Every structure is written in structure tokens, then in C-alpha cells.
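Chemist: Before anything else, here's the structure in question.
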Number of protein chains: 2
Amino acid sequence: MTWSLEPVGVIRSTIARLEDAPLFYTEGAPDAFVEVLPQYAPALHRMRAGDEIIVVTWLHRGRRDVLQVHPRGDDANPLTGVFSTRSPDRPNPIGLHRVRVLAIDGLRLHVDAIEAIDGTPVVDIKPVVSSADH
Amino acid sequence: MTWSLEPVGVIRSTIARLEDAPLFYTEGAPDAFVEVLPQYAPALHRMRAGDEIIVVTWLHRGRRDVLQVHPRGDDANPLTGVFSTRSPDRPNPIGLHRVRVLAIDGLRLHVDAIEAIDGTPVVDIKPVVSSADH
């Protein structure tokens with residue numbers, strides 16, 4: 001049994017190449033844009049600048065047959081199952097990126113630091129909720 | 001363009017029916033098990049009891065054509081785009097569940113409170129990482 005994922009948007013970033021992408025958002029990732037496809041505009045209703053969201057991406061350059069990696073590509077780190085790493089190589093290469101919405105212009109969300117290359121497909125957007133504000 | 005998601009495991013829970021599932025993990029969700037499929041055993045290497053993980057599920061009962069909902073199914077809450085809600089109804093019904101691993105027995109992870117019904121497919125598992133411990 002498998003399921004079909006559809007893109008709902010795309011990342012627009014100044015990071016054009018995989019080899020230029022930082023490994024973590026604190027490591028110099030630039031702010032970027034999430035461009036939502038027009039047919040999903042209603043799903044943005046009531047989103048506001050200042051909101052914290054989780055952008056769910058499909059890491060389309062990931063290798064799906066890799067089950068263990070040396071974290072951060074460093075052989076000094078012990079071989080680790082991908083379920084304990086953030087490697088884009090994994091059976092279903094889903095990426096999670098927690099960001100703040102800086103501004104919204106129609107279908108275009110300006111978000112802060114995100115470590116994804118230009119053109120990365122977005123498959124979902126979720127609010128960050130804590131039990132306190134739920 | 002679409003992508004194919006494969007199950008890597010399944011949730012085993014005492015919550016058998018959708019109408020019995022709490023809406024949030026703090027609302028009486030029971031602890032549960034994540035059963036990983038045998039072919040993905042290598043991806044669990046080095047996972048330990050005590051680890052905090054994000055279990056990524058496919059909310060197979062979600063309606064993919066719903067773009068706006070009244071949060072928590074309560075008409076008193078204003079109609080809101082699903083990208084600002086945790087509704088299982090959304091274009092790609094991906095669920096995120098942050099849990100702690102209580103114990104590991106082979107392919108079976110015992111995890112704390114998770115608001116997912118028995119049989120929910122698991123499509124990825126990720127470590128919780130902060131910039132401090134990355």
C-alpha cells in the first residue's frame with residue numbers, strides 16, 4: 001500500500017545548489033519564501049505574520065534506499081539509522097522546517113531561516129501548537 | 001508531479017475508533033507502540049530509550065479535499081485554513097506526533113502519549129534536535 005503526495009507549494013530561496021545548503025537552520029540559512037499554489041489559497045485563510053509554522057517539504061534529491069548514514073556526512077560520527085538523523089536520505093524523504101512567518105503577500109509567505117534549496121516542493125504547512133495555547 | 005509514500009511502520013494503540021481519539025496528546029491520549037516493518041530495521045540503529053522523536057504518520061482517514069475547517073470541529077471557532085490547524089483533513093494528510101521513546105524491543109518502540117488510532121500508517125521517524133544539541 002502506498003499513497004500519493006501532491007505538491008501544495010514550493011520553496012523559493014537564494015540557495016540554488018545542494019552543496020551550498022547549510023546542514024541546519026542555525027548555520028547561516030537565509031530567509032526564504034514559500035509560494036503556495038493558487039488552488040490551495042483557501043487553506044491559508046487566517047494565517048498571519050508572526051505565526052510559527054512547520055513547513056513540510058519533500059526532499060526530492062534524497063536517496064530513498066539509504067537506511068544508515070554518518071551524521072553530517074562526517075565519518076568521525078558513528079553509522080546511525082536514518083530514523084535518528086535529519087539526513088535527507090531516508091525511505092520517505094520528508095523534511096520538517098520550523099519557521100516564523102515574517103510577512104504574507106497573497107500566496108507568498110516570507111519566512112525566516114530555512115535550510116532548503118530553491119525549488120524544494122512543499123507538501124504541507126502546520127501551525128506550531130503547544131498544549132498551553134491549544 | 002506527485003510522489004509515492006511508503007509505510008515504514010504502523011501505530012498500535014488502544015484507540016480503535018476515530019471517534020474515541022483525543023484531539024490533542026495532552027487530552028488523555030494513551031501510550032502506544034510504533035511497529036517498524038522488518039525491512040527498515042537498519043534505520044533504527046542507535047535509537048535509544050529516552051530519545052525524543054517525531055513520528056510522522058499518514059492520516060489515512062483524512063479528507064484531502066477539505067481546505068478550511070472550524071478548529072476542533074466546533075462551529076464557535078471561526079472557519080480557518082487547514083494550514084493553520086491540526087485537522088487530519090488537508091491536501092496531504094500528514095500527522096506529526098512528538099513523543100518520547102519509553103523502551104525498544106526489536107522492531108517495536110514503546111512511546112508515550114500519542115493521539116493516533118490503531119492501524120495508522122507511519123511514514124517517517126525523526127529525532128527532535130535543537131540547535132543546542134545538534
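FYI, nothing fancy with the C-alpha cells labels: chains A, B, ... in order, residues from 1 per chain, ligands from 1 as they appear.
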If we count only C-alpha atoms and set the cut-off at 12 Å, which residues sit around Ala41 (chain A), ignoring sequence neighbours fewer than 3 positions away in its own chain? Please answer as JSON, numbers by chain.
Modeler: {"A": [8, 9, 35, 36, 37, 38, 44, 45, 46, 47, 104, 105, 106, 107, 108, 109], "B": [67, 68, 80, 81, 82, 83, 91]}
Chemist: Suppose we keep N, CA and C atoms; can you now write the selection as a PDB file, in the first residue's frame?
Modeler:
ATOM      1  N   VAL A   8       1.858  21.274  -2.636  1.00  0.00           N
ATOM      2  CA  VAL A   8       0.924  22.392  -2.366  1.00  0.00           C
ATOM      3  C   VAL A   8       1.649  23.723  -2.543  1.00  0.00           C
ATOM      4  N   GLY A   9       2.959  23.667  -2.772  1.00  0.00           N
ATOM      5  CA  GLY A   9       3.729  24.885  -2.967  1.00  0.00           C
ATOM      6  C   GLY A   9       5.178  24.548  -3.208  1.00  0.00           C
ATOM      7  N   GLU A  35       5.972  29.651  -1.674  1.00  0.00           N
ATOM      8  CA  GLU A  35       4.941  30.037  -2.651  1.00  0.00           C
ATOM      9  C   GLU A  35       3.898  28.938  -2.712  1.00  0.00           C
ATOM     10  N   VAL A  36       2.691  29.286  -2.293  1.00  0.00           N
ATOM     11  CA  VAL A  36       1.602  28.305  -2.268  1.00  0.00           C
ATOM     12  C   VAL A  36       0.907  28.306  -3.635  1.00  0.00           C
ATOM     13  N   LEU A  37       0.540  27.124  -4.113  1.00  0.00           N
ATOM     14  CA  LEU A  37      -0.148  27.021  -5.402  1.00  0.00           C
ATOM     15  C   LEU A  37      -1.553  27.629  -5.290  1.00  0.00           C
ATOM     16  N   PRO A  38      -2.011  28.295  -6.365  1.00  0.00           N
ATOM     17  CA  PRO A  38      -3.282  29.037  -6.293  1.00  0.00           C
ATOM     18  C   PRO A  38      -4.463  28.202  -5.793  1.00  0.00           C
ATOM     19  N   LEU A  44      -4.864  28.929   3.377  1.00  0.00           N
ATOM     20  CA  LEU A  44      -4.046  29.947   4.072  1.00  0.00           C
ATOM     21  C   LEU A  44      -4.905  30.904   4.899  1.00  0.00           C
ATOM     22  N   HIS A  45      -6.225  30.776   4.798  1.00  0.00           N
ATOM     23  CA  HIS A  45      -7.138  31.716   5.470  1.00  0.00           C
ATOM     24  C   HIS A  45      -6.855  31.790   6.974  1.00  0.00           C
ATOM     25  N   ARG A  46      -6.670  32.991   7.455  1.00  0.00           N
ATOM     26  CA  ARG A  46      -6.411  33.311   8.861  1.00  0.00           C
ATOM     27  C   ARG A  46      -4.947  33.110   9.271  1.00  0.00           C
ATOM     28  N   MET A  47      -4.071  32.721   8.355  1.00  0.00           N
ATOM     29  CA  MET A  47      -2.645  32.726   8.711  1.00  0.00           C
ATOM     30  C   MET A  47      -2.187  34.181   8.790  1.00  0.00           C
ATOM     31  N   ILE A 104       3.102  38.107   4.766  1.00  0.00           N
ATOM     32  CA  ILE A 104       2.304  37.346   3.801  1.00  0.00           C
ATOM     33  C   ILE A 104       1.865  38.295   2.698  1.00  0.00           C
ATOM     34  N   ASP A 105       2.156  37.928   1.451  1.00  0.00           N
ATOM     35  CA  ASP A 105       1.732  38.729   0.315  1.00  0.00           C
ATOM     36  C   ASP A 105       0.992  37.780  -0.626  1.00  0.00           C
ATOM     37  N   GLY A 106      -0.313  37.711  -0.464  1.00  0.00           N
ATOM     38  CA  GLY A 106      -1.113  36.810  -1.281  1.00  0.00           C
ATOM     39  C   GLY A 106      -0.725  35.364  -1.012  1.00  0.00           C
ATOM     40  N   LEU A 107      -0.204  34.693  -2.032  1.00  0.00           N
ATOM     41  CA  LEU A 107       0.138  33.278  -1.918  1.00  0.00           C
ATOM     42  C   LEU A 107       1.583  33.072  -1.471  1.00  0.00           C
ATOM     43  N   ARG A 108       2.268  34.173  -1.156  1.00  0.00           N
ATOM     44  CA  ARG A 108       3.703  34.120  -0.898  1.00  0.00           C
ATOM     45  C   ARG A 108       3.956  34.427   0.575  1.00  0.00           C
ATOM     46  N   LEU A 109       4.511  33.427   1.271  1.00  0.00           N
ATOM     47  CA  LEU A 109       4.869  33.607   2.681  1.00  0.00           C
ATOM     48  C   LEU A 109       6.356  33.909   2.768  1.00  0.00           C
TER      49      LEU A 109
ATOM     50  N   LEU B  67     -10.243  22.252   2.650  1.00  0.00           N
ATOM     51  CA  LEU B  67      -9.209  23.289   2.774  1.00  0.00           C
ATOM     52  C   LEU B  67      -9.448  24.223   3.951  1.00  0.00           C
ATOM     53  N   GLN B  68     -10.678  24.221   4.506  1.00  0.00           N
ATOM     54  CA  GLN B  68     -10.976  25.066   5.663  1.00  0.00           C
ATOM     55  C   GLN B  68     -11.840  24.274   6.633  1.00  0.00           C
ATOM     56  N   THR B  80     -11.212  28.346   9.394  1.00  0.00           N
ATOM     57  CA  THR B  80      -9.769  28.587   9.350  1.00  0.00           C
ATOM     58  C   THR B  80      -9.157  27.689   8.275  1.00  0.00           C
ATOM     59  N   GLY B  81      -8.199  28.229   7.524  1.00  0.00           N
ATOM     60  CA  GLY B  81      -7.485  27.413   6.543  1.00  0.00           C
ATOM     61  C   GLY B  81      -6.764  26.266   7.232  1.00  0.00           C
ATOM     62  N   VAL B  82      -6.780  25.091   6.615  1.00  0.00           N
ATOM     63  CA  VAL B  82      -6.204  23.923   7.288  1.00  0.00           C
ATOM     64  C   VAL B  82      -4.703  24.071   7.543  1.00  0.00           C
ATOM     65  N   PHE B  83      -4.018  24.968   6.795  1.00  0.00           N
ATOM     66  CA  PHE B  83      -2.585  25.148   7.046  1.00  0.00           C
ATOM     67  C   PHE B  83      -2.340  25.834   8.398  1.00  0.00           C
ATOM     68  N   PRO B  91      -4.782  18.662   2.289  1.00  0.00           N
ATOM     69  CA  PRO B  91      -4.432  18.091   0.974  1.00  0.00           C
ATOM     70  C   PRO B  91      -3.545  16.846   1.063  1.00  0.00           C
TER      71      PRO B  91
END
Chemist: For the strand (DSSP E) assignment from backbone DSSP, which residues of region 44-81 of chain B qualify? Please present them as a short mmCIF file (atom, residue, chain, number, x, y, z; two decimals) with N, CA, C and O atoms, in the first residue's frame.
Modeler:
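File produced: result-v1.cif:
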data_model
loop_
_atom_site.label_atom_id
_atom_site.label_comp_id
_atom_site.auth_asym_id
_atom_site.auth_seq_id
_atom_site.Cartn_x
_atom_site.Cartn_y
_atom_site.Cartn_z
N GLU B 52 13.80 11.57 22.28
CA GLU B 52 12.58 12.25 21.83
C GLU B 52 12.56 12.19 20.31
O GLU B 52 13.56 12.52 19.65
N ILE B 53 11.42 11.77 19.78
CA ILE B 53 11.31 11.61 18.33
C ILE B 53 10.01 12.24 17.83
O ILE B 53 9.09 12.51 18.60
N ILE B 54 9.99 12.51 16.53
CA ILE B 54 8.76 12.92 15.86
C ILE B 54 8.33 11.76 14.98
O ILE B 54 9.07 11.35 14.07
N VAL B 55 7.16 11.20 15.30
CA VAL B 55 6.60 10.14 14.47
C VAL B 55 5.74 10.82 13.41
O VAL B 55 4.84 11.61 13.73
N VAL B 56 6.06 10.55 12.16
CA VAL B 56 5.33 11.15 11.04
C VAL B 56 4.36 10.09 10.53
O VAL B 56 4.77 8.99 10.14
N THR B 57 3.06 10.40 10.57
CA THR B 57 2.05 9.43 10.16
C THR B 57 1.35 9.89 8.89
O THR B 57 1.42 11.05 8.49
N TRP B 58 0.66 8.95 8.28
CA TRP B 58 -0.26 9.27 7.18
C TRP B 58 -1.67 9.07 7.73
O TRP B 58 -2.04 7.95 8.09
N GLN B 68 -10.68 24.22 4.51
CA GLN B 68 -10.98 25.07 5.66
C GLN B 68 -11.84 24.27 6.63
O GLN B 68 -12.70 23.51 6.21
N VAL B 69 -11.60 24.49 7.92
CA VAL B 69 -12.39 23.80 8.95
C VAL B 69 -12.66 24.75 10.13
O VAL B 69 -11.98 25.77 10.28
N THR B 80 -11.21 28.35 9.39
CA THR B 80 -9.77 28.59 9.35
C THR B 80 -9.16 27.69 8.27
O THR B 80 -9.55 26.53 8.12
N GLY B 81 -8.20 28.23 7.52
CA GLY B 81 -7.48 27.41 6.54
C GLY B 81 -6.76 26.27 7.23
O GLY B 81 -6.20 26.45 8.31
#
Chemist: Quote the spacing between CA of Arg61 (chain A) and CA of Pro88 (chain A) in Å to one decimal place.
Modeler: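 One can read the CA of Arg61 (chain A) to CA of Pro88 (chain A) distance as 7.7 Å.
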Chemist: Within 8 Å of Arg64 (chain B), counting only C-alpha atoms, which residues qualify if same-chain residues fewer than 3 places away don't, as a ChimeraX atom specification?
Modeler: /B:89-93
Chemist: Could you give me the residues within region 5-132 of chain A that DSSP places in helix (DSSP H, G or I), as a list in words?
Modeler: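 In region 5-132 of chain A, DSSP puts these residues in helix (DSSP H, G or I): Leu18, Glu19, Asp20, Pro38, Gln39, Tyr40, Ala41, Pro42, Ala43, Leu44, Pro71, Arg72, Gly73, Val82, Phe83 and Ser84 of chain A.
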Chemist: Between A:Lys126, A:His97, A:Arg48, A:Arg72, which is the closest to chain B once you count only C-alpha atoms?
Modeler: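 For chain B, the nearest of the given residues is A:Lys126.
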